[in-house]
>>> print(open('run-v1.pdb').read())   # PDB, C-alpha atoms and all ligand atoms
ATOM      1  CA  MET A   1     -20.055  92.594  21.229
ATOM      2  CA  CYS A   2     -19.874  93.018  24.990
ATOM      3  CA  ALA A   3     -21.648  89.702  25.621
ATOM      4  CA  ALA A   4     -19.314  87.982  23.167
ATOM      5  CA  THR A   5     -16.262  89.460  24.868
ATOM      6  CA  ALA A   6     -17.547  88.377  28.263
ATOM      7  CA  ALA A   7     -18.198  84.877  26.943
ATOM      8  CA  VAL A   8     -14.721  84.609  25.434
ATOM      9  CA  LEU A   9     -13.136  85.728  28.690
ATOM     10  CA  SER A  10     -15.397  83.381  30.689
ATOM     11  CA  LEU A  11     -16.343  86.288  32.917
ATOM     12  CA  PRO A  12     -19.821  86.682  34.332
ATOM     13  CA  ALA A  13     -19.971  90.193  32.896
ATOM     14  CA  ALA A  14     -17.172  92.248  31.437
ATOM     15  CA  ALA A  15     -16.918  95.925  32.296
ATOM     16  CA  CYS A  16     -18.425  97.308  29.139
ATOM     17  CA  GLY A  17     -20.104 100.505  28.102
ATOM     18  CA  VAL A  18     -17.008 102.680  28.339
ATOM     19  CA  PRO A  19     -17.807 105.580  26.035
ATOM     20  CA  THR A  20     -14.424 105.916  24.358
ATOM     21  CA  PRO A  21     -12.192 103.252  22.853
ATOM     22  CA  GLN A  22      -8.929 102.253  24.516
ATOM     23  CA  GLN A  23      -6.594 103.363  21.786
ATOM     24  CA  ALA A  24      -3.947 106.012  21.347
ATOM     25  CA  PHE A  25      -5.694 107.905  18.518
ATOM     26  CA  ASN A  26      -8.140 109.245  21.043
ATOM     27  CA  ALA A  27      -6.069 111.976  22.665
ATOM     28  CA  HIS A  28      -7.534 113.784  25.664
ATOM     29  CA  SER A  29      -4.446 115.457  27.094
ATOM     30  CA  GLU A  30      -1.664 117.606  25.700
ATOM     31  CA  TYR A  31       0.779 114.738  26.263
ATOM     32  CA  ALA A  32      -1.395 112.323  24.288
ATOM     33  CA  SER A  33      -1.829 114.897  21.484
ATOM     34  CA  GLN A  34       1.917 115.429  21.184
ATOM     35  CA  GLY A  35       2.470 111.693  20.726
ATOM     36  CA  ASP A  36      -0.431 111.464  18.308
ATOM     37  CA  ASP A  37       0.799 114.409  16.218
ATOM     38  CA  LEU A  38       4.305 112.951  15.922
ATOM     39  CA  PHE A  39       2.914 109.561  14.999
ATOM     40  CA  PHE A  40       0.650 111.076  12.346
ATOM     41  CA  LEU A  41       3.489 113.164  10.887
ATOM     42  CA  ILE A  42       5.800 110.150  10.628
ATOM     43  CA  ILE A  43       3.060 107.980   9.113
ATOM     44  CA  VAL A  44       2.296 110.632   6.466
ATOM     45  CA  MET A  45       5.989 111.028   5.633
ATOM     46  CA  GLY A  46       6.392 107.251   5.434
ATOM     47  CA  VAL A  47       3.361 106.846   3.169
ATOM     48  CA  VAL A  48       4.465 109.638   0.804
ATOM     49  CA  ILE A  49       8.024 108.275   0.552
ATOM     50  CA  GLY A  50       6.730 104.705   0.227
ATOM     51  CA  VAL A  51       4.359 105.633  -2.622
ATOM     52  CA  ILE A  52       7.086 107.535  -4.505
ATOM     53  CA  VAL A  53       9.639 104.718  -4.111
ATOM     54  CA  GLU A  54       7.139 102.019  -5.128
ATOM     55  CA  ALA A  55       5.965 104.076  -8.124
ATOM     56  CA  VAL A  56       9.522 104.576  -9.420
ATOM     57  CA  LEU A  57      10.258 100.893  -8.798
ATOM     58  CA  VAL A  58       7.212  99.678 -10.724
ATOM     59  CA  TRP A  59       7.786 102.202 -13.516
ATOM     60  CA  ALA A  60      11.440 101.148 -13.883
ATOM     61  CA  ALA A  61      10.571  97.443 -13.816
ATOM     62  CA  ILE A  62       8.045  97.868 -16.616
ATOM     63  CA  ARG A  63       9.867 100.484 -18.688
ATOM     64  CA  TYR A  64      13.267  98.791 -18.577
ATOM     65  CA  ARG A  65      12.256  95.135 -18.399
ATOM     66  CA  ARG A  66      14.269  92.742 -20.521
ATOM     67  CA  ARG A  67      12.753  92.133 -23.951
ATOM     68  CA  PRO A  68      13.500  89.222 -26.342
ATOM     69  CA  GLY A  69      16.739  89.901 -28.188
ATOM     70  CA  ASP A  70      18.011  92.481 -25.706
ATOM     71  CA  ARG A  71      21.682  92.413 -25.030
ATOM     72  CA  LEU A  72      23.232  92.959 -21.619
ATOM     73  CA  PRO A  73      22.769  96.676 -20.772
ATOM     74  CA  PRO A  74      25.766  98.918 -19.926
ATOM     75  CA  GLN A  75      27.156  97.972 -16.504
ATOM     76  CA  ILE A  76      27.520 101.035 -14.237
ATOM     77  CA  HIS A  77      29.528 100.801 -11.029
ATOM     78  CA  GLY A  78      28.643 103.819  -8.948
ATOM     79  CA  ASN A  79      27.371 107.270  -9.784
ATOM     80  CA  THR A  80      28.562 110.027  -7.490
ATOM     81  CA  ILE A  81      25.449 112.210  -7.882
ATOM     82  CA  ILE A  82      23.061 109.344  -7.139
ATOM     83  CA  GLU A  83      25.188 108.148  -4.212
ATOM     84  CA  ILE A  84      25.083 111.624  -2.684
ATOM     85  CA  LEU A  85      21.344 111.980  -3.278
ATOM     86  CA  TRP A  86      20.328 108.693  -1.717
ATOM     87  CA  THR A  87      22.587 109.217   1.248
ATOM     88  CA  THR A  88      21.538 112.781   2.021
ATOM     89  CA  GLY A  89      17.824 112.116   1.367
ATOM     90  CA  PRO A  90      17.339 109.628   4.231
ATOM     91  CA  VAL A  91      19.647 111.679   6.479
ATOM     92  CA  VAL A  92      17.456 114.745   5.943
ATOM     93  CA  VAL A  93      14.246 112.745   6.538
ATOM     94  CA  VAL A  94      15.508 111.015   9.701
ATOM     95  CA  GLY A  95      17.140 114.239  10.886
ATOM     96  CA  TYR A  96      13.825 116.045  10.564
ATOM     97  CA  ILE A  97      12.073 113.328  12.586
ATOM     98  CA  LEU A  98      14.755 113.709  15.264
ATOM     99  CA  PHE A  99      14.366 117.491  15.156
ATOM    100  CA  VAL A 100      10.622 117.366  15.869
ATOM    101  CA  THR A 101      10.723 114.399  18.269
ATOM    102  CA  LEU A 102      13.534 115.411  20.640
ATOM    103  CA  PRO A 103      11.776 118.487  22.093
ATOM    104  CA  VAL A 104       8.693 116.375  22.869
ATOM    105  CA  ILE A 105      10.833 113.730  24.591
ATOM    106  CA  PHE A 106      12.604 116.322  26.731
ATOM    107  CA  GLU A 107       9.391 118.186  27.511
ATOM    108  CA  THR A 108       7.406 115.149  28.577
ATOM    109  CA  GLN A 109      10.285 113.574  30.526
ATOM    110  CA  ALA A 110      11.024 116.737  32.495
ATOM    111  CA  ALA A 111       9.791 117.196  36.045
ATOM    112  CA  ALA A 112       6.122 118.141  36.369
ATOM    113  CA  PRO A 113       5.270 121.824  36.907
ATOM    114  CA  PRO A 114       5.250 122.661  40.646
ATOM    115  CA  SER A 115       1.550 123.589  40.536
ATOM    116  CA  SER A 116       0.606 120.010  39.545
ATOM    117  CA  MET A 117      -1.686 117.877  41.656
ATOM    118  CA  ASN A 118       0.228 114.876  42.970
ATOM    119  CA  VAL A 119      -1.369 111.436  42.887
ATOM    120  CA  ASP A 120       0.457 108.368  44.180
ATOM    121  CA  VAL A 121      -0.212 105.460  41.832
ATOM    122  CA  ILE A 122       0.662 102.048  43.243
ATOM    123  CA  GLY A 123       0.518  98.852  41.195
ATOM    124  CA  HIS A 124      -0.571  95.642  42.923
ATOM    125  CA  GLN A 125      -1.223  92.153  41.586
ATOM    126  CA  PHE A 126      -3.757  92.860  40.022
ATOM    127  CA  TRP A 127      -5.234  96.287  40.644
ATOM    128  CA  TRP A 128      -4.226  99.920  40.894
ATOM    129  CA  GLU A 129      -4.270 102.002  44.042
ATOM    130  CA  PHE A 130      -4.622 105.787  43.804
ATOM    131  CA  GLN A 131      -3.688 107.999  46.758
ATOM    132  CA  TYR A 132      -4.335 111.741  46.933
ATOM    133  CA  PRO A 133      -1.832 112.677  49.654
ATOM    134  CA  GLU A 134      -2.900 116.313  49.957
ATOM    135  CA  ALA A 135      -6.537 115.287  50.541
ATOM    136  CA  ASN A 136      -5.796 112.097  52.497
ATOM    137  CA  VAL A 137      -7.941 110.049  50.110
ATOM    138  CA  VAL A 138      -7.233 106.474  48.989
ATOM    139  CA  THR A 139      -9.136 104.693  46.241
ATOM    140  CA  ALA A 140      -8.658 101.912  43.708
ATOM    141  CA  ASN A 141      -9.102 101.133  40.010
ATOM    142  CA  GLU A 142     -10.633 104.500  39.098
ATOM    143  CA  LEU A 143      -8.377 107.526  38.847
ATOM    144  CA  HIS A 144     -10.373 110.732  39.241
ATOM    145  CA  LEU A 145      -8.729 113.877  37.873
ATOM    146  CA  PRO A 146      -9.992 117.407  37.276
ATOM    147  CA  VAL A 147      -9.994 118.652  33.675
ATOM    148  CA  GLY A 148      -7.493 121.426  32.906
ATOM    149  CA  ARG A 149      -5.184 120.804  35.858
ATOM    150  CA  THR A 150      -1.846 119.076  35.444
ATOM    151  CA  ALA A 151      -1.726 115.769  37.279
ATOM    152  CA  ASN A 152       1.627 114.387  38.369
ATOM    153  CA  LEU A 153       1.305 110.626  38.789
ATOM    154  CA  ILE A 154       3.982 109.244  41.095
ATOM    155  CA  LEU A 155       4.320 105.599  40.152
ATOM    156  CA  ARG A 156       5.531 102.678  42.197
ATOM    157  CA  SER A 157       4.670  99.035  42.739
ATOM    158  CA  ASP A 158       3.953  96.971  45.806
ATOM    159  CA  ASP A 159       5.154  93.715  44.271
ATOM    160  CA  VAL A 160       6.318  93.106  40.666
ATOM    161  CA  ILE A 161       6.787  95.524  37.762
ATOM    162  CA  HIS A 162       3.534  96.933  36.362
ATOM    163  CA  SER A 163       3.013  99.641  33.773
ATOM    164  CA  PHE A 164       0.482 102.434  33.948
ATOM    165  CA  TRP A 165      -1.247 103.172  30.657
ATOM    166  CA  VAL A 166      -4.387 105.129  29.886
ATOM    167  CA  PRO A 167      -3.995 105.731  26.122
ATOM    168  CA  ALA A 168      -6.302 108.775  26.036
ATOM    169  CA  LEU A 169      -4.033 110.517  28.555
ATOM    170  CA  GLY A 170      -0.860 109.575  26.689
ATOM    171  CA  GLY A 171       2.244 107.525  27.184
ATOM    172  CA  LYS A 172       2.810 104.545  29.371
ATOM    173  CA  ARG A 173       5.260 104.186  32.208
ATOM    174  CA  ASP A 174       6.484 101.341  34.365
ATOM    175  CA  ALA A 175       5.744 101.106  38.080
ATOM    176  CA  PHE A 176       8.679  99.500  39.893
ATOM    177  CA  PRO A 177       8.895  98.120  43.439
ATOM    178  CA  SER A 178      12.211  99.857  44.155
ATOM    179  CA  HIS A 179      12.190 102.973  42.027
ATOM    180  CA  ILE A 180       9.821 105.940  41.665
ATOM    181  CA  ASN A 181       8.690 106.887  38.168
ATOM    182  CA  TYR A 182       6.652 109.894  37.127
ATOM    183  CA  ILE A 183       4.195 110.623  34.365
ATOM    184  CA  TRP A 184       2.292 113.863  34.099
ATOM    185  CA  MET A 185      -0.310 115.312  31.785
ATOM    186  CA  THR A 186      -3.136 117.825  31.681
ATOM    187  CA  PRO A 187      -6.475 116.218  30.782
ATOM    188  CA  ASN A 188      -8.352 118.487  28.364
ATOM    189  CA  SER A 189     -11.843 117.009  28.307
ATOM    190  CA  THR A 190     -14.174 115.303  30.743
ATOM    191  CA  GLY A 191     -15.126 111.671  30.336
ATOM    192  CA  GLU A 192     -14.176 108.135  31.273
ATOM    193  CA  PHE A 193     -11.136 106.640  29.617
ATOM    194  CA  PRO A 194     -10.109 103.000  29.917
ATOM    195  CA  GLY A 195      -6.597 101.782  30.563
ATOM    196  CA  GLN A 196      -4.680  98.578  31.001
ATOM    197  CA  CYS A 197      -1.545  97.434  32.815
ATOM    198  CA  TYR A 198       1.109  97.166  30.109
ATOM    199  CA  GLN A 199       3.779  95.040  31.752
ATOM    200  CA  LEU A 200       3.344  91.281  32.063
ATOM    201  CA  CYS A 201       2.911  90.956  35.823
ATOM    202  CA  GLY A 202       1.399  87.544  36.469
ATOM    203  CA  TYR A 203      -1.630  85.372  35.765
ATOM    204  CA  SER A 204      -4.106  88.239  35.710
ATOM    205  CA  HIS A 205      -1.995  90.850  33.947
ATOM    206  CA  GLY A 206      -4.771  90.999  31.345
ATOM    207  CA  ASN A 207      -7.317  91.552  34.127
ATOM    208  CA  MET A 208      -5.426  94.511  35.550
ATOM    209  CA  ARG A 209      -7.374  97.380  34.132
ATOM    210  CA  GLU A 210      -7.998 100.943  35.227
ATOM    211  CA  ARG A 211     -10.190 103.854  34.339
ATOM    212  CA  ALA A 212      -9.437 107.539  34.301
ATOM    213  CA  ILE A 213     -12.483 109.608  35.202
ATOM    214  CA  ILE A 214     -11.913 113.215  34.153
ATOM    215  CA  GLN A 215     -14.336 115.607  35.829
ATOM    216  CA  SER A 216     -15.048 119.313  35.936
ATOM    217  CA  PRO A 217     -13.140 120.971  38.808
ATOM    218  CA  ALA A 218     -16.392 121.306  40.803
ATOM    219  CA  ASP A 219     -17.368 117.662  40.287
ATOM    220  CA  PHE A 220     -13.858 116.540  41.154
ATOM    221  CA  GLN A 221     -13.863 118.588  44.353
ATOM    222  CA  ALA A 222     -17.268 117.160  45.302
ATOM    223  CA  TRP A 223     -15.946 113.636  44.708
ATOM    224  CA  LEU A 224     -12.808 114.325  46.737
ATOM    225  CA  THR A 225     -14.808 115.756  49.643
ATOM    226  CA  ALA A 226     -17.156 112.765  49.643
ATOM    227  CA  GLN A 227     -14.162 110.392  49.650
ATOM    228  CA  GLN A 228     -12.729 112.107  52.733
ATOM    229  CA  ALA A 229     -15.731 111.144  54.864
ATOM    230  CA  PRO A 230     -15.579 107.968  56.954
ATOM    231  CA  ALA A 231     -17.683 105.047  55.802
ATOM    232  CA  ALA A 232     -21.445 105.237  56.272
ATOM    233  CA  GLN A 233     -22.774 103.082  59.104
ATOM    234  CA  PRO A 234     -25.668 101.046  57.711
ATOM    235  CA  PRO A 235     -28.900 100.903  59.742
ATOM    236  CA  PRO A 236     -29.779  97.545  61.361
ATOM    237  CA  GLY A 237     -30.512  94.977  58.651
ATOM    238  CA  PRO A 238     -28.608  92.811  56.159
ATOM    239  CA  ALA A 239     -26.031  95.519  55.410
ATOM    240  CA  ALA A 240     -25.231  95.976  59.113
ATOM    241  CA  ASP A 241     -24.975  92.196  59.500
ATOM    242  CA  GLY A 242     -22.574  92.214  56.573
ATOM    243  CA  GLY A 243     -20.533  94.904  58.342
ATOM    244  CA  GLN A 244     -20.189  92.631  61.372
ATOM    245  CA  LEU A 245     -19.239  89.715  59.141
ATOM    246  CA  PHE A 246     -16.630  91.874  57.385
ATOM    247  CA  GLN A 247     -14.873  92.521  60.704
ATOM    248  CA  ASN A 248     -15.111  88.879  61.903
ATOM    249  CA  ARG A 249     -14.523  86.866  58.747
ATOM    250  CA  GLY A 250     -10.982  88.053  58.045
ATOM    251  CA  CYS A 251     -11.815  90.732  55.456
ATOM    252  CA  ALA A 252     -10.621  93.468  57.825
ATOM    253  CA  GLY A 253      -7.134  91.955  57.878
ATOM    254  CA  CYS A 254      -6.571  92.959  54.260
ATOM    255  CA  HIS A 255      -8.908  95.906  53.646
ATOM    256  CA  THR A 256      -9.284  99.332  55.210
ATOM    257  CA  ILE A 257     -12.704 100.868  55.830
ATOM    258  CA  THR A 258     -12.223 104.248  57.497
ATOM    259  CA  GLY A 259     -14.521 104.683  60.478
ATOM    260  CA  THR A 260     -14.423 100.967  61.319
ATOM    261  CA  PRO A 261     -11.686  98.817  62.927
ATOM    262  CA  ALA A 262     -10.769  97.452  59.471
ATOM    263  CA  ALA A 263      -7.279  98.760  58.666
ATOM    264  CA  GLY A 264      -5.699  96.104  56.408
ATOM    265  CA  LYS A 265      -3.320  97.307  53.734
ATOM    266  CA  ILE A 266      -3.104  94.338  51.361
ATOM    267  CA  GLY A 267      -6.274  94.790  49.326
ATOM    268  CA  PRO A 268      -8.044  97.915  48.071
ATOM    269  CA  ASN A 269      -9.373 100.503  50.507
ATOM    270  CA  LEU A 270     -13.127  99.881  50.535
ATOM    271  CA  THR A 271     -14.319 102.955  52.468
ATOM    272  CA  HIS A 272     -16.330 104.184  49.467
ATOM    273  CA  PHE A 273     -16.396 100.956  47.497
ATOM    274  CA  ALA A 274     -19.886 101.445  46.066
ATOM    275  CA  SER A 275     -18.997 104.889  44.692
ATOM    276  CA  ARG A 276     -16.806 103.145  42.102
ATOM    277  CA  HIS A 277     -18.328 101.950  38.869
ATOM    278  CA  THR A 278     -15.930  99.043  38.533
ATOM    279  CA  MET A 279     -14.283  96.540  40.873
ATOM    280  CA  ALA A 280     -11.714  93.721  41.039
ATOM    281  CA  GLY A 281      -9.073  95.393  38.884
ATOM    282  CA  SER A 282     -11.774  97.269  36.977
ATOM    283  CA  ILE A 283     -12.851  94.112  35.153
ATOM    284  CA  PHE A 284     -16.441  94.127  36.468
ATOM    285  CA  GLU A 285     -19.087  96.741  36.830
ATOM    286  CA  THR A 286     -20.010  97.105  40.481
ATOM    287  CA  THR A 287     -23.343  95.252  40.495
ATOM    288  CA  PRO A 288     -24.761  92.979  43.227
ATOM    289  CA  GLN A 289     -24.472  89.941  40.942
ATOM    290  CA  ASN A 290     -20.821  90.616  40.033
ATOM    291  CA  LEU A 291     -19.975  91.364  43.638
ATOM    292  CA  ARG A 292     -21.499  88.101  44.781
ATOM    293  CA  ALA A 293     -19.689  86.118  42.054
ATOM    294  CA  TRP A 294     -16.411  87.770  42.996
ATOM    295  CA  LEU A 295     -16.753  87.226  46.766
ATOM    296  CA  LYS A 296     -17.729  83.602  46.226
ATOM    297  CA  ASP A 297     -14.489  82.599  44.524
ATOM    298  CA  PRO A 298     -11.985  85.372  43.653
ATOM    299  CA  PRO A 299      -9.121  83.181  42.328
ATOM    300  CA  THR A 300     -11.435  81.541  39.784
ATOM    301  CA  VAL A 301     -12.849  84.854  38.586
ATOM    302  CA  LYS A 302      -9.419  86.519  38.496
ATOM    303  CA  PRO A 303      -6.625  83.899  38.310
ATOM    304  CA  GLY A 304      -3.716  84.661  40.604
ATOM    305  CA  SER A 305      -5.869  86.849  42.835
ATOM    306  CA  ILE A 306      -4.362  87.225  46.302
ATOM    307  CA  MET A 307      -7.864  87.415  47.751
ATOM    308  CA  PRO A 308      -8.690  83.840  48.757
ATOM    309  CA  ASN A 309     -11.874  81.826  48.498
ATOM    310  CA  LEU A 310     -13.308  82.193  52.010
ATOM    311  CA  ASN A 311     -15.985  79.536  51.395
ATOM    312  CA  LEU A 312     -18.706  81.998  52.240
ATOM    313  CA  THR A 313     -22.248  80.620  52.476
ATOM    314  CA  ASP A 314     -25.016  82.064  50.317
ATOM    315  CA  ALA A 315     -26.421  83.911  53.331
ATOM    316  CA  GLU A 316     -22.978  85.371  54.089
ATOM    317  CA  LEU A 317     -22.523  86.420  50.448
ATOM    318  CA  ASP A 318     -25.886  88.195  50.542
ATOM    319  CA  VAL A 319     -25.162  90.275  53.633
ATOM    320  CA  LEU A 320     -21.545  91.033  52.652
ATOM    321  CA  ALA A 321     -22.666  92.206  49.231
ATOM    322  CA  ALA A 322     -25.378  94.324  50.886
ATOM    323  CA  TYR A 323     -22.799  95.893  53.191
ATOM    324  CA  LEU A 324     -20.292  96.668  50.405
ATOM    325  CA  GLN A 325     -23.089  98.133  48.290
ATOM    326  CA  SER A 326     -23.938 100.473  51.186
ATOM    327  CA  LEU A 327     -20.414 101.982  51.180
ATOM    328  CA  ARG A 328     -21.201 104.930  48.901
TER     329      ARG A 328
HETATM  330 CU1  LIG B 401       0.154  94.686  36.307
HETATM  331 CU2  LIG B 401       0.390  93.712  34.167
END
>>> encode(input="run-v1.pdb", output="structure tokens", more="lines below")
Ligand code: CUA
Amino acid sequence: MCAATAAVLSLPAAACGVPTPQQAFNAHSEYASQGDDLFFLIIVMGVVIGVIVEAVLVWAAIRYRRRPGDRLPPQIHGNTIIEILWTTGPVVVVGYILFVTLPVIFETQAAAPPSSMNVDVIGHQFWWEFQYPEANVVTANELHLPVGRTANLILRSDDVIHSFWVPALGGKRDAFPSHINYIWMTPNSTGEFPGQCYQLCGYSHGNMRERAIIQSPADFQAWLTAQQAPAAQPPPGPAADGGQLFQNRGCAGCHTITGTPAAGKIGPNLTHFASRHTMAGSIFETTPQNLRAWLKDPPTVKPGSIMPNLNLTDAELDVLAAYLQSLR
């Protein structure tokens, strides 16, 4: 299945092996459950009403069908009782749906509780940036959150309109370049949950994926602390050579690596690049082969990619990949 998907997408290797499906019936936050419950209720009501209506329709068509020799039946123009019944029936049904839906809309659209953890979520063509302002941590593609704590995602975009959507966490909300949006939820189980940009944003809209990684509070804190450290300095060897190349070959103009002169703001912060499971808009697993394929020709691998083809030689690809893999 994974190999077939990768072949269809013409990608060297798709990011597969995510344990849970990317669909909204897989709720892992209170927000997602509320949406799920409403959806289920409305589907059940619709099915029950649909079955009753169809049954009466079929019964009437058979029972009262025209038989040979039948004359024209009595012509009835309006029946007050029936008119009242089939007007009030739908009003009651739709009114009930409104009655149970409105509180959820108001609750989930309200401001996040003050005790929430703020995360700045910034859409870029074609990847997501996640900033933890209270911890001074910046990462990309993979949103780490602690289970049981409300996360307030503060959404904006650096270029066009994107939309943040991790179905297991519930809802979807647009990220605008000129307007701040919010979405908040409390993850209720640990795990990795896939997501996808939901607003057509350019050539690689379909390649703009993300992952939510929900961790125990202790694991999350350990991750956050590790992310606060400056980048590891590799010992002399290919990785160190790659570090030199990174600074000299133009990479540093677009990417930040804390602890080195690289302070570019256009591409993802790479300080702890190798600690992420996925890369390039979360479309590849972070493996040496994928990294090499990506560095060799980004716009072919991800159409519309702002990262250019730098015409790196094989030797340069090897040492750059070694360096990036050392950034744990
Ligand atoms: Cu970003 Cu679609």
>>> residues_near_ligand(input="run-v1.pdb", ligand="ligand LIG 401 (chain B)", cutoff="12 Å", atoms="only C-alpha atoms and all ligand atoms", output="ChimeraX atom specification")
/A:122-129,141,156-165,173-177,195-210,281,304-305
>>> residues_around(input="run-v1.pdb", residues="range 52-64 of chain A", least_positions_apart="6", cutoff="12 Å", atoms="only C-alpha atoms", output="list of chain:residue names")
A:Met45, A:Gly46, A:Asp70, A:Leu72, A:Pro73, A:Trp86
>>> resolve_selection(input="run-v1.pdb", expression="the PyMOL selection byres (((chain A and resi 255) around 9) and not hetatm)", output="compact mmCIF listing (two decimals) with C-alpha atoms, in the frame of the given file")
# COMPACT_ATOMS: atom_id res chain seq x y z
CA CYS A 251 -11.82 90.73 55.46
CA ALA A 252 -10.62 93.47 57.82
CA GLY A 253 -7.13 91.96 57.88
CA CYS A 254 -6.57 92.96 54.26
CA THR A 256 -9.28 99.33 55.21
CA ILE A 257 -12.70 100.87 55.83
CA ALA A 262 -10.77 97.45 59.47
CA ALA A 263 -7.28 98.76 58.67
CA GLY A 264 -5.70 96.10 56.41
CA LYS A 265 -3.32 97.31 53.73
CA ILE A 266 -3.10 94.34 51.36
CA GLY A 267 -6.27 94.79 49.33
CA PRO A 268 -8.04 97.92 48.07
CA ASN A 269 -9.37 100.50 50.51
CA LEU A 270 -13.13 99.88 50.54
CA THR A 271 -14.32 102.96 52.47
>>> resolve_selection(input="run-v1.pdb", expression="the PyMOL selection byres (((chain A and resi 136) around 12) and not hetatm)", output="list of chain:residue names")
A:Asn118, A:Val119, A:Asp120, A:Phe130, A:Gln131, A:Tyr132, A:Pro133, A:Glu134, A:Ala135, A:Val137, A:Val138, A:Thr139, A:Leu224, A:Thr225, A:Ala226, A:Gln227, A:Gln228, A:Ala229, A:Pro230, A:Thr258
>>> residues_around(input="run-v1.pdb", residues="range 319-324 of chain A", least_positions_apart="2", cutoff="8 Å", atoms="only C-alpha atoms", output="MDAnalysis selection string")
chainID A and resid 234 238:243 245:246 270 273:274 288 291:292 315:317 326:327
>>> resolve_selection(input="run-v1.pdb", expression="the PyMOL selection byres (((chain A and resi 89-98) around 10) and not hetatm)", output="ChimeraX atom specification")
/A:38,41-42,45-46,49,84-88,99-103
>>> write_last_selection(input="run-v1.pdb", atoms="C-alpha atoms", output="short mmCIF file (atom, residue, chain, number, x, y, z; two decimals), in the coordinates of the input")
data_model
loop_
_atom_site.label_atom_id
_atom_site.label_comp_id
_atom_site.auth_asym_id
_atom_site.auth_seq_id
_atom_site.Cartn_x
_atom_site.Cartn_y
_atom_site.Cartn_z
CA LEU A 38 4.30 112.95 15.92
CA LEU A 41 3.49 113.16 10.89
CA ILE A 42 5.80 110.15 10.63
CA MET A 45 5.99 111.03 5.63
CA GLY A 46 6.39 107.25 5.43
CA ILE A 49 8.02 108.28 0.55
CA ILE A 84 25.08 111.62 -2.68
CA LEU A 85 21.34 111.98 -3.28
CA TRP A 86 20.33 108.69 -1.72
CA THR A 87 22.59 109.22 1.25
CA THR A 88 21.54 112.78 2.02
CA PHE A 99 14.37 117.49 15.16
CA VAL A 100 10.62 117.37 15.87
CA THR A 101 10.72 114.40 18.27
CA LEU A 102 13.53 115.41 20.64
CA PRO A 103 11.78 118.49 22.09
#
>>> atom_distance(input="run-v1.pdb", atom1="CA of Val104 in chain A", atom2="CA of Met185 in chain A")
12.7 Å
>>> axis_aligned_box(input="run-v1.pdb", around="range 140-150 of chain A", padding_each_side="3 Å", output="AutoDock Vina command-line options")
--center_x -6.2 --center_y 111.3 --center_z 38.3 --size_x 14.8 --size_y 26.3 --size_z 16.8
>>> residues_around(input="run-v1.pdb", residues="Asn26 in chain A", least_positions_apart="4", cutoff="10 Å", atoms="all atoms listed in the file", output="JSON, numbers by chain")
{"A": [20, 21, 22, 32, 33, 36, 167, 168, 169, 170, 193]}
>>> closest_residue(input="run-v1.pdb", among="A:Gly50, A:Pro68, A:Gly171, A:Pro113", to="Gln34 in chain A", atoms="all atoms listed in the file")
A:Gly171
>>> atom_distance(input="run-v1.pdb", atom1="CA of Asp318 in chain A", atom2="CA of Pro261 in chain A")
21.6 Å
>>> residues_around(input="run-v1.pdb", residues="Thr286 in chain A", least_positions_apart="5", cutoff="6 Å", atoms="all atoms listed in the file", output="VMD selection string")
chain A and resid 277 to 279
>>> atom_distance(input="run-v1.pdb", atom1="CA of Gly148 in chain A", atom2="CA of Ser115 in chain A")
12.0 Å
>>> closest_residue(input="run-v1.pdb", among="A:Gln233, A:Gln244, A:Asn188, A:Ser29", to="Ser216 in chain A", atoms="all atoms listed in the file")
A:Asn188
>>> closest_residue(input="run-v1.pdb", among="A:Ile105, A:Ile82, A:Leu312, A:Ala212", to="Gly191 in chain A", atoms="only C-alpha atoms")
A:Ala212
>>> closest_residue(input="run-v1.pdb", among="A:Leu295, A:Arg71, A:Ala140, A:Asn152", to="Ala111 in chain A", atoms="all atoms listed in the file")
A:Asn152
>>> closest_residue(input="run-v1.pdb", among="A:Asp314, A:Asn290, A:Ile283, A:Ala24", to="Lys302 in chain A", atoms="all atoms listed in the file")
A:Ile283
>>> closest_residue(input="run-v1.pdb", among="A:Ala222, A:Met117, A:Leu143, A:Ile183", to="Arg276 in chain A", atoms="all atoms listed in the file")
A:Leu143
